[in-house]
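The next block is upload02.cif, given as mmCIF, C-alpha atoms.
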```
data_structure
loop_
_atom_site.label_atom_id
_atom_site.label_comp_id
_atom_site.auth_asym_id
_atom_site.auth_seq_id
_atom_site.Cartn_x
_atom_site.Cartn_y
_atom_site.Cartn_z
CA MET A 1 29.28 92.94 -150.24
CA ARG A 2 25.85 94.36 -149.49
CA ALA A 3 22.99 92.19 -150.73
CA ARG A 4 19.21 91.85 -150.85
CA ILE A 5 18.42 88.61 -149.03
CA LEU A 6 15.14 86.69 -148.98
CA LEU A 7 14.98 84.67 -145.75
CA VAL A 8 12.62 81.69 -146.00
CA GLU A 9 12.01 80.31 -142.49
CA ASP A 10 8.82 79.16 -140.74
CA GLU A 11 10.15 79.53 -137.16
CA THR A 12 9.49 83.13 -136.14
CA ASN A 13 12.22 83.42 -133.49
CA MET A 14 14.86 81.89 -135.76
CA ALA A 15 13.84 84.21 -138.60
CA ARG A 16 13.99 87.28 -136.33
CA THR A 17 17.47 86.38 -135.04
CA LEU A 18 18.90 85.65 -138.50
CA ALA A 19 17.40 88.80 -139.99
CA LYS A 20 18.82 90.97 -137.20
CA ASN A 21 22.36 89.57 -137.67
CA LEU A 22 22.23 90.05 -141.44
CA GLU A 23 20.86 93.59 -141.19
CA ARG A 24 23.59 94.57 -138.74
CA ALA A 25 26.11 93.56 -141.40
CA GLY A 26 24.45 95.96 -143.86
CA HIS A 27 22.24 93.55 -145.81
CA ASP A 28 18.59 94.21 -146.71
CA VAL A 29 16.44 91.28 -145.54
CA GLU A 30 12.87 90.25 -146.33
CA HIS A 31 11.12 87.30 -144.71
CA ALA A 32 8.86 84.61 -146.22
CA PRO A 33 7.33 81.88 -144.00
CA HIS A 34 7.41 79.10 -146.62
CA GLY A 35 8.43 78.30 -150.21
CA GLU A 36 5.17 79.33 -151.82
CA ALA A 37 5.38 82.82 -150.32
CA ALA A 38 9.03 83.00 -151.36
CA LEU A 39 8.20 82.19 -155.00
CA ALA A 40 5.53 84.86 -155.03
CA ARG A 41 8.02 87.41 -153.70
CA LEU A 42 10.70 86.33 -156.19
CA ALA A 43 8.21 86.97 -158.99
CA GLU A 44 7.74 90.54 -157.77
CA ALA A 45 11.28 91.63 -156.89
CA SER A 46 14.91 90.71 -157.43
CA PHE A 47 17.15 89.30 -154.70
CA ASP A 48 20.83 88.43 -154.54
CA VAL A 49 20.54 85.48 -152.15
CA VAL A 50 17.74 83.20 -150.94
CA LEU A 51 18.50 81.78 -147.47
CA THR A 52 16.02 78.94 -146.96
CA ASP A 53 15.13 76.30 -144.41
CA LEU A 54 14.37 72.81 -145.74
CA LYS A 55 11.52 71.65 -143.50
CA MET A 56 8.57 74.03 -143.82
CA PRO A 57 4.79 73.76 -144.28
CA ILE A 58 2.91 74.34 -147.57
CA MET A 59 6.07 74.25 -149.74
CA ASP A 60 9.36 73.01 -148.30
CA GLY A 61 12.85 74.19 -149.19
CA MET A 62 13.56 71.33 -151.60
CA GLN A 63 10.46 72.17 -153.66
CA LEU A 64 11.48 75.82 -153.64
CA LEU A 65 14.96 74.94 -154.93
CA ARG A 66 13.50 72.85 -157.76
CA ALA A 67 11.28 75.74 -158.81
CA MET A 68 14.18 78.21 -158.62
CA HIS A 69 16.48 75.90 -160.59
CA GLN A 70 14.11 76.00 -163.56
CA GLN A 71 14.47 79.77 -163.78
CA GLU A 72 17.46 81.31 -165.51
CA ASN A 73 19.52 84.04 -163.84
CA GLY A 74 17.87 83.54 -160.46
CA PRO A 75 19.48 84.43 -157.11
CA ALA A 76 21.99 82.19 -155.36
CA ALA A 77 20.52 79.86 -152.74
CA VAL A 78 21.89 78.90 -149.31
CA VAL A 79 20.23 76.11 -147.33
CA LEU A 80 19.61 76.19 -143.57
CA THR A 81 19.67 72.76 -141.97
CA GLY A 82 19.83 70.97 -138.63
CA TYR A 83 22.49 68.41 -137.79
CA GLY A 84 20.15 65.55 -138.65
CA THR A 85 19.46 66.75 -142.20
CA ILE A 86 22.96 67.17 -143.62
CA GLU A 87 22.27 64.55 -146.32
CA SER A 88 19.23 66.54 -147.41
CA ALA A 89 21.36 69.67 -147.59
CA VAL A 90 23.86 67.92 -149.83
CA GLU A 91 20.98 66.75 -152.01
CA ALA A 92 19.76 70.35 -152.13
CA MET A 93 23.14 71.45 -153.43
CA LYS A 94 22.67 69.07 -156.36
CA LEU A 95 19.55 71.10 -157.15
CA GLY A 96 21.60 74.26 -157.38
CA ALA A 97 22.08 75.44 -153.80
CA ALA A 98 25.42 77.21 -153.51
CA ASP A 99 26.12 76.24 -149.88
CA TYR A 100 24.45 75.19 -146.64
CA LEU A 101 24.55 76.39 -143.04
CA ILE A 102 23.89 74.68 -139.73
CA LYS A 103 21.00 76.49 -138.04
CA ASP A 104 22.95 77.26 -134.87
CA ALA A 105 26.05 78.48 -136.74
CA ARG A 106 27.81 81.53 -135.28
CA PRO A 107 26.75 84.89 -136.80
CA GLN A 108 30.23 85.48 -138.23
CA GLU A 109 30.15 82.10 -139.99
CA ILE A 110 26.79 82.95 -141.52
CA LEU A 111 28.07 86.31 -142.76
CA LEU A 112 31.24 84.76 -144.23
CA THR A 113 29.16 82.14 -146.04
CA ILE A 114 26.83 84.77 -147.49
CA ASP A 115 29.81 86.86 -148.61
CA ARG A 116 31.50 83.85 -150.24
CA VAL A 117 28.30 82.87 -152.05
CA LEU A 118 27.83 86.43 -153.31
CA ARG A 119 31.35 86.52 -154.73
CA LEU A 120 31.00 83.10 -156.37
CA ASP A 121 27.63 84.06 -157.83
CA ALA A 122 29.13 87.25 -159.27
CA LEU A 123 31.82 85.14 -160.94
CA ARG A 124 29.17 82.68 -162.19
CA ARG A 125 27.12 85.45 -163.75
CA GLU A 126 30.20 86.96 -165.34
CA ASN A 127 31.14 83.55 -166.73
CA ALA A 128 27.60 83.01 -168.05
CA GLN A 129 27.74 86.38 -169.79
CA LEU A 130 31.09 85.46 -171.34
CA ARG A 131 29.62 82.15 -172.53
CA ARG A 132 26.70 83.96 -174.14
CA THR A 133 29.13 86.34 -175.82
CA VAL A 134 31.25 83.42 -177.04
CA ARG A 135 28.18 81.67 -178.41
CA LYS A 136 27.23 84.82 -180.32
CA LEU A 137 30.74 84.94 -181.75
CA HIS A 138 30.84 81.22 -182.50
CA GLY A 139 27.30 80.68 -183.74
CA PHE A 140 24.29 82.08 -185.54
CA GLY A 141 21.05 82.21 -183.58
CA GLU A 142 20.54 78.69 -182.23
CA LEU A 143 23.05 77.25 -184.70
CA ILE A 144 26.44 76.63 -183.12
CA GLY A 145 29.81 76.41 -184.87
CA GLU A 146 32.60 78.51 -186.30
CA SER A 147 34.05 76.18 -188.96
CA ALA A 148 34.41 77.54 -192.49
CA SER A 149 31.59 75.31 -193.73
CA MET A 150 29.21 76.61 -191.07
CA ARG A 151 30.18 80.23 -191.72
CA GLU A 152 29.13 79.66 -195.32
CA VAL A 153 25.80 78.29 -194.06
CA TYR A 154 25.31 81.42 -191.93
CA ARG A 155 26.11 83.63 -194.94
CA VAL A 156 23.43 81.96 -197.07
CA ILE A 157 20.87 82.02 -194.23
CA ASP A 158 21.51 85.71 -193.60
CA ALA A 159 20.98 86.53 -197.27
CA VAL A 160 17.91 84.39 -197.89
CA SER A 161 16.19 85.37 -194.62
CA GLN A 162 15.51 88.83 -196.02
CA ASN A 163 13.15 87.53 -198.71
CA LYS A 164 10.59 84.75 -199.27
CA SER A 165 12.55 82.57 -201.71
CA THR A 166 12.04 78.81 -201.66
CA VAL A 167 14.94 77.07 -199.92
CA LEU A 168 16.26 73.52 -200.18
CA VAL A 169 18.27 72.33 -197.17
CA SER A 170 20.35 69.20 -197.70
CA GLY A 171 22.41 67.21 -195.26
CA GLU A 172 22.71 63.90 -193.48
CA SER A 173 20.22 62.90 -190.80
CA GLY A 174 20.89 64.70 -187.53
CA THR A 175 22.75 67.69 -188.96
CA GLY A 176 20.07 70.21 -187.94
CA LYS A 177 18.05 70.86 -191.10
CA GLU A 178 14.88 71.83 -189.25
CA LEU A 179 16.89 74.21 -187.03
CA VAL A 180 18.16 75.92 -190.19
CA ALA A 181 14.58 76.25 -191.42
CA ARG A 182 13.43 77.73 -188.10
CA THR A 183 16.35 80.18 -188.13
CA ILE A 184 15.44 81.38 -191.62
CA HIS A 185 11.81 81.77 -190.54
CA ARG A 186 12.61 83.70 -187.35
CA ARG A 187 14.96 86.11 -189.10
CA GLY A 188 12.68 86.73 -192.07
CA PRO A 189 9.69 88.89 -192.97
CA LEU A 190 7.23 86.12 -191.98
CA ALA A 191 8.60 85.67 -188.45
CA ASP A 192 5.26 86.69 -186.89
CA GLY A 193 3.44 84.01 -188.91
CA PRO A 194 3.22 80.28 -188.15
CA PHE A 195 6.02 77.78 -188.69
CA VAL A 196 4.50 74.43 -189.69
CA ALA A 197 6.65 71.30 -190.11
CA ILE A 198 5.72 67.97 -191.65
CA ASN A 199 7.77 64.85 -192.37
CA CYS A 200 6.91 63.40 -195.76
CA ALA A 201 8.34 59.94 -194.99
CA GLY A 202 6.26 56.98 -193.88
CA LEU A 203 2.89 58.29 -195.09
CA SER A 204 0.75 56.69 -197.76
CA GLU A 205 0.09 58.71 -200.89
CA THR A 206 -3.52 59.43 -199.89
CA LEU A 207 -2.63 60.40 -196.33
CA LEU A 208 0.24 62.64 -197.46
CA ASP A 209 -2.06 64.25 -200.05
CA SER A 210 -4.53 64.98 -197.28
CA GLN A 211 -1.85 66.28 -194.91
CA LEU A 212 -0.40 68.62 -197.54
CA PHE A 213 -3.48 69.92 -199.34
CA GLY A 214 -6.39 69.03 -197.05
CA HIS A 215 -9.54 67.06 -197.81
CA ARG A 216 -13.28 67.39 -197.82
CA ARG A 217 -15.57 65.21 -195.75
CA GLY A 218 -16.19 61.90 -197.47
CA ALA A 219 -13.17 62.19 -199.77
CA PHE A 220 -11.96 58.78 -198.54
CA THR A 221 -12.81 56.23 -195.88
CA GLY A 222 -12.44 57.85 -192.47
CA ALA A 223 -12.71 61.44 -193.75
CA VAL A 224 -15.54 62.42 -191.40
CA ALA A 225 -14.81 66.16 -191.45
CA ASP A 226 -13.09 68.80 -193.58
CA HIS A 227 -9.33 69.21 -193.06
CA ASP A 228 -7.35 72.26 -194.22
CA GLY A 229 -3.89 70.71 -194.67
CA VAL A 230 -0.49 72.17 -193.81
CA PHE A 231 -0.30 74.59 -196.73
CA ARG A 232 -3.29 76.47 -195.36
CA ALA A 233 -2.15 76.01 -191.74
CA ALA A 234 1.09 77.81 -192.67
CA GLU A 235 -0.73 80.75 -194.32
CA ASP A 236 1.38 83.94 -194.03
CA GLY A 237 4.18 81.89 -192.50
CA THR A 238 6.66 79.13 -193.34
CA LEU A 239 5.97 75.54 -194.35
CA PHE A 240 8.85 73.14 -193.70
CA LEU A 241 8.74 69.83 -195.57
CA ASP A 242 11.27 67.35 -194.21
CA GLU A 243 12.39 64.37 -196.31
CA VAL A 244 10.80 65.89 -199.39
CA SER A 245 12.42 63.15 -201.50
CA GLU A 246 9.87 60.70 -200.04
CA ILE A 247 6.88 62.35 -201.76
CA PRO A 248 5.52 59.64 -204.12
CA ILE A 249 6.22 60.34 -207.78
CA ALA A 250 2.47 60.37 -208.56
CA LEU A 251 1.90 63.13 -205.97
CA GLN A 252 4.86 65.23 -207.07
CA ALA A 253 2.93 66.70 -210.02
CA LYS A 254 0.21 68.05 -207.72
CA PHE A 255 2.87 69.38 -205.36
CA LEU A 256 4.61 71.14 -208.26
CA ARG A 257 1.37 72.81 -209.32
CA ALA A 258 0.83 74.05 -205.78
CA LEU A 259 4.28 75.66 -205.82
CA GLN A 260 3.88 77.19 -209.25
CA ASP A 261 0.33 78.47 -208.89
CA ARG A 262 0.41 79.21 -205.14
CA GLU A 263 -2.89 77.39 -204.70
CA VAL A 264 -4.01 73.99 -203.38
CA THR A 265 -6.94 71.75 -204.19
CA PRO A 266 -8.14 69.59 -201.28
CA LEU A 267 -8.97 65.93 -201.84
CA GLY A 268 -12.62 65.60 -202.77
CA SER A 269 -12.83 69.17 -204.10
CA SER A 270 -12.41 70.72 -207.55
CA ARG A 271 -12.07 74.28 -206.28
CA PRO A 272 -8.48 75.53 -205.77
CA ILE A 273 -7.66 77.71 -202.76
CA VAL A 274 -5.01 80.43 -202.95
CA VAL A 275 -2.24 80.14 -200.32
CA ASP A 276 0.62 82.46 -199.38
CA VAL A 277 3.43 80.56 -197.66
CA ARG A 278 7.18 80.39 -197.76
CA LEU A 279 8.38 76.86 -198.51
CA ILE A 280 11.55 75.34 -197.08
CA ALA A 281 12.22 71.72 -198.06
CA ALA A 282 14.84 69.37 -196.64
CA THR A 283 16.37 66.09 -197.73
CA ASN A 284 19.08 63.69 -196.63
CA ARG A 285 19.26 62.20 -200.13
CA ASP A 286 21.05 63.30 -203.27
CA LEU A 287 18.06 64.73 -205.17
CA GLU A 288 20.01 64.97 -208.41
CA ALA A 289 20.75 61.23 -208.19
CA GLU A 290 17.07 60.59 -207.37
CA MET A 291 16.14 62.70 -210.38
CA ARG A 292 18.45 60.69 -212.69
CA ALA A 293 16.97 57.47 -211.33
CA GLY A 294 13.46 58.66 -212.19
CA ARG A 295 12.28 58.85 -208.59
CA PHE A 296 12.11 62.65 -208.40
CA ARG A 297 10.79 65.05 -211.02
CA SER A 298 13.40 67.36 -212.52
CA ASP A 299 10.95 70.29 -212.79
CA LEU A 300 10.09 69.91 -209.11
CA PHE A 301 13.79 69.75 -208.18
CA TYR A 302 14.54 73.03 -209.96
CA ARG A 303 11.45 74.65 -208.42
CA LEU A 304 12.65 73.66 -204.92
CA ASN A 305 16.34 74.38 -205.46
CA VAL A 306 16.04 78.17 -205.76
CA VAL A 307 18.44 78.64 -202.84
CA HIS A 308 20.44 75.69 -201.58
CA VAL A 309 21.77 75.37 -198.01
CA ALA A 310 24.18 72.42 -197.75
CA LEU A 311 24.71 71.39 -194.12
CA PRO A 312 28.07 69.68 -193.50
CA PRO A 313 28.23 66.46 -191.45
CA LEU A 314 29.61 66.86 -187.94
CA ARG A 315 32.76 64.86 -188.78
CA ALA A 316 33.68 67.59 -191.31
CA ARG A 317 33.28 70.50 -188.89
CA GLY A 318 36.53 70.22 -186.91
CA ASP A 319 36.45 71.81 -183.46
CA ASP A 320 32.77 72.70 -183.74
CA VAL A 321 32.23 69.44 -181.84
CA VAL A 322 33.84 71.03 -178.75
CA LEU A 323 31.45 74.02 -178.89
CA LEU A 324 28.50 71.64 -179.26
CA ILE A 325 29.68 69.51 -176.33
CA ASP A 326 29.80 72.63 -174.13
CA HIS A 327 26.33 73.65 -175.35
CA PHE A 328 24.78 70.27 -174.52
CA VAL A 329 26.54 70.07 -171.14
CA GLN A 330 25.00 73.43 -170.19
CA HIS A 331 21.61 72.39 -171.59
CA PHE A 332 21.39 69.09 -169.72
CA SER A 333 22.72 70.57 -166.49
CA ARG A 334 19.62 72.77 -166.50
CA GLU A 335 17.31 69.94 -167.58
CA TYR A 336 18.63 67.49 -164.96
CA GLN A 337 18.96 70.26 -162.36
CA VAL A 338 22.61 69.57 -161.57
CA ALA A 339 25.82 71.54 -161.85
CA PRO A 340 27.50 71.48 -165.30
CA LYS A 341 29.74 68.43 -165.65
CA ARG A 342 33.40 68.59 -166.58
CA VAL A 343 34.54 66.42 -169.52
CA ALA A 344 37.63 64.34 -168.73
CA ALA A 345 40.55 64.57 -171.19
CA GLU A 346 40.20 60.97 -172.43
CA ALA A 347 36.45 61.36 -172.92
CA MET A 348 36.98 64.61 -174.83
CA ALA A 349 39.60 62.94 -177.04
CA ARG A 350 37.16 60.17 -177.93
CA LEU A 351 34.34 62.62 -178.54
CA ARG A 352 36.57 64.60 -180.90
CA ALA A 353 37.93 61.54 -182.73
CA TYR A 354 34.58 59.82 -183.32
CA THR A 355 33.06 60.05 -186.82
CA TRP A 356 29.48 60.75 -185.60
CA PRO A 357 27.37 58.84 -188.15
CA GLY A 358 24.26 60.24 -186.41
CA ASN A 359 25.75 63.76 -186.43
CA ILE A 360 24.57 66.37 -183.89
CA ARG A 361 21.61 64.26 -182.77
CA GLU A 362 23.96 61.41 -181.84
CA LEU A 363 26.27 63.80 -179.96
CA GLN A 364 23.31 65.21 -178.04
CA ASN A 365 22.22 61.69 -177.07
CA ALA A 366 25.76 60.81 -175.94
CA ILE A 367 25.94 63.81 -173.60
CA GLU A 368 22.45 63.23 -172.24
CA ARG A 369 23.33 59.57 -171.58
CA ALA A 370 26.23 60.71 -169.37
CA PHE A 371 23.87 62.93 -167.35
CA ALA A 372 21.20 60.22 -167.10
CA LEU A 373 23.46 57.36 -165.98
CA SER A 374 26.15 58.97 -163.84
CA PRO A 375 25.76 61.24 -160.77
CA ALA A 376 29.46 62.17 -160.94
CA ASP A 377 30.51 65.72 -161.76
CA THR A 378 32.87 64.55 -164.53
CA ILE A 379 32.05 62.76 -167.80
CA THR A 380 34.58 59.98 -168.27
CA ALA A 381 35.19 57.59 -171.17
CA GLU A 382 33.18 54.95 -169.27
CA ASP A 383 30.11 57.23 -169.41
CA LEU A 384 30.15 57.30 -173.23
CA PRO A 385 28.20 54.93 -175.51
CA ALA A 386 29.92 51.70 -176.56
CA ALA A 387 30.66 53.01 -180.05
CA LEU A 388 32.80 55.78 -178.57
CA ARG A 389 34.52 53.53 -176.05
CA ASP A 390 35.76 51.19 -178.80
CA ASP A 391 39.21 51.93 -180.10
CA VAL A 392 39.20 54.13 -183.18
CA PRO A 393 40.93 52.37 -186.11
CA PRO A 394 44.43 53.68 -186.81
CA ALA A 395 44.91 56.41 -189.38
CA LEU A 396 46.37 55.70 -192.80
CA ASP A 397 50.09 55.82 -192.01
CA ALA A 398 53.04 55.56 -194.33
CA PRO A 399 54.85 52.16 -194.47
CA ASP A 400 57.66 51.44 -192.03
CA ASP A 401 60.28 52.26 -194.65
CA GLY A 402 58.94 55.83 -194.77
CA ASP A 403 57.92 55.72 -198.45
CA LEU A 404 54.55 57.27 -199.21
CA PRO A 405 52.02 55.02 -200.98
CA THR A 406 50.83 55.80 -204.48
CA LEU A 407 47.46 57.50 -204.79
CA GLY A 408 45.86 54.25 -205.96
CA GLU A 409 47.40 52.25 -203.10
CA ALA A 410 46.34 54.90 -200.58
CA GLU A 411 42.78 54.76 -201.92
CA ARG A 412 42.75 50.94 -201.78
CA ARG A 413 43.97 50.91 -198.19
CA LEU A 414 41.52 53.63 -197.14
CA ILE A 415 38.57 51.72 -198.62
CA ALA A 416 39.79 48.52 -196.93
CA ALA A 417 40.02 50.38 -193.59
CA ALA A 418 36.48 51.73 -194.02
CA LEU A 419 35.16 48.23 -194.77
CA ARG A 420 36.89 46.84 -191.67
CA HIS A 421 35.61 49.69 -189.52
CA SER A 422 32.04 49.15 -190.75
CA GLY A 423 32.21 45.38 -190.31
CA GLY A 424 31.71 44.89 -194.04
CA ASN A 425 28.60 47.09 -194.18
CA LYS A 426 29.01 48.79 -197.55
CA ASN A 427 26.39 51.48 -196.87
CA GLU A 428 28.24 52.50 -193.71
CA ALA A 429 31.63 52.29 -195.45
CA ALA A 430 30.37 54.56 -198.24
CA ARG A 431 29.10 57.05 -195.66
CA LEU A 432 32.45 57.05 -193.83
CA LEU A 433 34.27 57.68 -197.12
CA GLY A 434 31.84 60.39 -198.21
CA ILE A 435 30.96 58.67 -201.52
CA ASP A 436 27.80 57.07 -202.86
CA ARG A 437 27.25 53.32 -202.70
CA GLN A 438 27.55 52.72 -206.45
CA ARG A 439 30.94 54.40 -206.55
CA LEU A 440 32.11 52.29 -203.61
CA TYR A 441 31.04 49.09 -205.43
CA ARG A 442 33.10 50.14 -208.45
CA LYS A 443 36.14 50.81 -206.26
CA ILE A 444 35.77 47.46 -204.48
CA GLU A 445 35.66 45.69 -207.84
CA LYS A 446 38.57 47.75 -209.15
CA TYR A 447 40.86 46.85 -206.24
CA GLY A 448 39.62 43.29 -205.79
CA LEU A 449 38.44 43.91 -202.20
CA THR A 450 35.97 41.59 -200.47
#
```

Rewrite the coordinates I just gave you, this time as structure tokens.
Amino acid sequence: MRARILLVEDETNMARTLAKNLERAGHDVEHAPHGEAALARLAEASFDVVLTDLKMPIMDGMQLLRAMHQQENGPAAVVLTGYGTIESAVEAMKLGAADYLIKDARPQEILLTIDRVLRLDALRRENAQLRRTVRKLHGFGELIGESASMREVYRVIDAVSQNKSTVLVSGESGTGKELVARTIHRRGPLADGPFVAINCAGLSETLLDSQLFGHRRGAFTGAVADHDGVFRAAEDGTLFLDEVSEIPIALQAKFLRALQDREVTPLGSSRPIVVDVRLIAATNRDLEAEMRAGRFRSDLFYRLNVVHVALPPLRARGDDVVLLIDHFVQHFSREYQVAPKRVAAEAMARLRAYTWPGNIRELQNAIERAFALSPADTITAEDLPAALRDDVPPALDAPDDGDLPTLGEAERRLIAAALRHSGGNKNEAARLLGIDRQRLYRKIEKYGLT
């Protein structure tokens, strides 16, 4: 296989000899005396292979490999090393080098190594292209999944992206509500405008008022200068309000007026300012229940709920978890500059069986933990967090005599299993069962469970 090779070697005689042998075999060879010169050349032209020494002035081979590893679709790298630096060569392979060569290797051995690396790199690129194709088939932009519930999410996003309607995204924490908002923004008519996100939780009423609508100097203690607020910062773009249920009831009226009139009035001012933004709000609460409890205005709820995107929890998405595992393995292999890890069968079984109370965010953390704590090329069950290593409670089986339980008995046993699994934590048990806490209390009382 003929290739364009960038030879990075500071010893002139060694570089001349290597280049001559490679050119005789039909390869095109360029020479760079150190890593910095190599990076400059890589920015100007494309190469199939970088053949680099490790010990060089200005920028050594290890630094060059780190810089190359951060770039996607770069050339394959082969390390040149002396007998005394084999350990360094192995370390270089962890940074993405495809192979290494002893400096005084025979010419035929060098050519065979280059040929093998070229063939493996061609397979790697083909595999990467297939992965990208699969992701396009099994996802939607940066959203990943092919379950029926996620396909419905994609359908709604595709429809609403074409206009500027207000969108309410609901779902448990960690399900990817902000990613949905960003996808809608990027696919819509305001994609060239700003995307501004703010979390409404944990802020006092005055501070949230200031963050949303802005303030004038002197409006409150510490207001030493004018502040525009996020509505104006998102002008001609999208404003994403996370945890919108946490807006204090007293501030909800002002928020509603801003939505209805498309204008905001900063704190300390009586002059409204017209704004043009698309609003996407998100919540992990049941807003209708909050509305019935008097904690959320009904008129504001209906103003926000023009289009509703309901994100399913990860435990309800079936084999989407496998696609997400593959995605995070690829992501962290790039971030940690190592080869993608394989997931052992037992580890995969536990990852698939786990209920994921923290949803996609918890899965991401679990995969990153395996990369951070283990240098091995395989993720095993021992690399997983303690919650995943614990035995999963048995499923609700029929009695030994083979008779199926009644619906009421099945419900009683399922609630009892959820309470055992949660250690008696009723909030967690309700989450596992997919019901609200008040309904769980009624069921516990009904069946006499403690």

Write out as a PDB file with C-alpha atoms, in the frame of the given file the residues lying within 10 Å of range 255-266 of chain A, counting all atoms listed in the file and excluding same-chain residues fewer than 6 positions away.
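So the final result, stored in out-v6.pdb, reads:
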```
ATOM      1  CA  THR A 166      12.040  78.810-201.660  1.00  0.00           C
ATOM      2  CA  ASP A 209      -2.060  64.250-200.050  1.00  0.00           C
ATOM      3  CA  SER A 210      -4.530  64.980-197.280  1.00  0.00           C
ATOM      4  CA  GLN A 211      -1.850  66.280-194.910  1.00  0.00           C
ATOM      5  CA  LEU A 212      -0.400  68.620-197.540  1.00  0.00           C
ATOM      6  CA  PHE A 213      -3.480  69.920-199.340  1.00  0.00           C
ATOM      7  CA  GLY A 214      -6.390  69.030-197.050  1.00  0.00           C
ATOM      8  CA  HIS A 215      -9.540  67.060-197.810  1.00  0.00           C
ATOM      9  CA  ARG A 216     -13.280  67.390-197.820  1.00  0.00           C
ATOM     10  CA  ALA A 219     -13.170  62.190-199.770  1.00  0.00           C
ATOM     11  CA  ASP A 226     -13.090  68.800-193.580  1.00  0.00           C
ATOM     12  CA  HIS A 227      -9.330  69.210-193.060  1.00  0.00           C
ATOM     13  CA  ASP A 228      -7.350  72.260-194.220  1.00  0.00           C
ATOM     14  CA  GLY A 229      -3.890  70.710-194.670  1.00  0.00           C
ATOM     15  CA  PHE A 231      -0.300  74.590-196.730  1.00  0.00           C
ATOM     16  CA  ARG A 232      -3.290  76.470-195.360  1.00  0.00           C
ATOM     17  CA  ILE A 247       6.880  62.350-201.760  1.00  0.00           C
ATOM     18  CA  ILE A 249       6.220  60.340-207.780  1.00  0.00           C
ATOM     19  CA  PRO A 272      -8.480  75.530-205.770  1.00  0.00           C
ATOM     20  CA  ILE A 273      -7.660  77.710-202.760  1.00  0.00           C
ATOM     21  CA  VAL A 274      -5.010  80.430-202.950  1.00  0.00           C
ATOM     22  CA  VAL A 275      -2.240  80.140-200.320  1.00  0.00           C
ATOM     23  CA  ASP A 276       0.620  82.460-199.380  1.00  0.00           C
ATOM     24  CA  VAL A 277       3.430  80.560-197.660  1.00  0.00           C
ATOM     25  CA  ARG A 278       7.180  80.390-197.760  1.00  0.00           C
ATOM     26  CA  LEU A 279       8.380  76.860-198.510  1.00  0.00           C
ATOM     27  CA  ARG A 297      10.790  65.050-211.020  1.00  0.00           C
ATOM     28  CA  ASP A 299      10.950  70.290-212.790  1.00  0.00           C
ATOM     29  CA  LEU A 300      10.090  69.910-209.110  1.00  0.00           C
ATOM     30  CA  PHE A 301      13.790  69.750-208.180  1.00  0.00           C
ATOM     31  CA  ARG A 303      11.450  74.650-208.420  1.00  0.00           C
ATOM     32  CA  LEU A 304      12.650  73.660-204.920  1.00  0.00           C
TER      33      LEU A 304
END
```

Quick one: everything within 10 Å of range 284-287 of chain A, counting all atoms listed in the file, minus sequence neighbours fewer than 3 positions away in the same chain. Send it as a compact mmCIF listing (two decimals) with C-alpha atoms, keeping the file's coordinate frame.
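The resulting file, selection-v3.txt, is shown below:
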```
# COMPACT_ATOMS: atom_id res chain seq x y z
CA VAL A 169 18.27 72.33 -197.17
CA SER A 170 20.35 69.20 -197.70
CA GLY A 171 22.41 67.21 -195.26
CA GLU A 172 22.71 63.90 -193.48
CA SER A 173 20.22 62.90 -190.80
CA GLY A 174 20.89 64.70 -187.53
CA THR A 175 22.75 67.69 -188.96
CA LYS A 177 18.05 70.86 -191.10
CA ASP A 242 11.27 67.35 -194.21
CA GLU A 243 12.39 64.37 -196.31
CA VAL A 244 10.80 65.89 -199.39
CA SER A 245 12.42 63.15 -201.50
CA GLU A 246 9.87 60.70 -200.04
CA GLU A 290 17.07 60.59 -207.37
CA MET A 291 16.14 62.70 -210.38
CA ARG A 292 18.45 60.69 -212.69
CA ALA A 293 16.97 57.47 -211.33
CA ARG A 295 12.28 58.85 -208.59
CA PHE A 296 12.11 62.65 -208.40
CA ARG A 297 10.79 65.05 -211.02
CA SER A 298 13.40 67.36 -212.52
CA PHE A 301 13.79 69.75 -208.18
CA ASN A 305 16.34 74.38 -205.46
CA LEU A 311 24.71 71.39 -194.12
CA ASP A 436 27.80 57.07 -202.86
```

>> I'd like the residues picked by the PyMOL selection byres ((chain A and resi 376) around 12) written out as a list in words, using the chain letters and numbers from the file.
In response: Lys94, Val338, Ala339, Pro340, Lys341, Arg342, Val343, Ala344, Ala370, Phe371, Ala372, Leu373, Ser374, Pro375, Asp377, Thr378, Ile379, Thr380, Glu382 and Asp383 of chain A

> What is the distance, in Å and to one decimal place, between CA of Glu146 in chain A and CA of Gln337 in chain A?
Replying inline: 28.8 Å

Please list as a compact mmCIF listing (two decimals) with C-alpha atoms, keeping the file's coordinate frame every residue within 9 Å of range 193-207 of chain A, counting only C-alpha atoms and excluding residues in the same chain fewer than 5 positions away.
```
# COMPACT_ATOMS: atom_id res chain seq x y z
CA GLU A 178 14.88 71.83 -189.25
CA ARG A 182 13.43 77.73 -188.10
CA HIS A 185 11.81 81.77 -190.54
CA ARG A 186 12.61 83.70 -187.35
CA LEU A 212 -0.40 68.62 -197.54
CA PHE A 220 -11.96 58.78 -198.54
CA VAL A 230 -0.49 72.17 -193.81
CA PHE A 231 -0.30 74.59 -196.73
CA ALA A 233 -2.15 76.01 -191.74
CA ALA A 234 1.09 77.81 -192.67
CA GLU A 235 -0.73 80.75 -194.32
CA ASP A 236 1.38 83.94 -194.03
CA GLY A 237 4.18 81.89 -192.50
CA THR A 238 6.66 79.13 -193.34
CA LEU A 239 5.97 75.54 -194.35
CA PHE A 240 8.85 73.14 -193.70
CA LEU A 241 8.74 69.83 -195.57
CA ASP A 242 11.27 67.35 -194.21
CA GLU A 243 12.39 64.37 -196.31
CA VAL A 244 10.80 65.89 -199.39
CA SER A 245 12.42 63.15 -201.50
CA GLU A 246 9.87 60.70 -200.04
CA ILE A 247 6.88 62.35 -201.76
CA PRO A 248 5.52 59.64 -204.12
CA ALA A 250 2.47 60.37 -208.56
CA LEU A 251 1.90 63.13 -205.97
CA LEU A 267 -8.97 65.93 -201.84
```
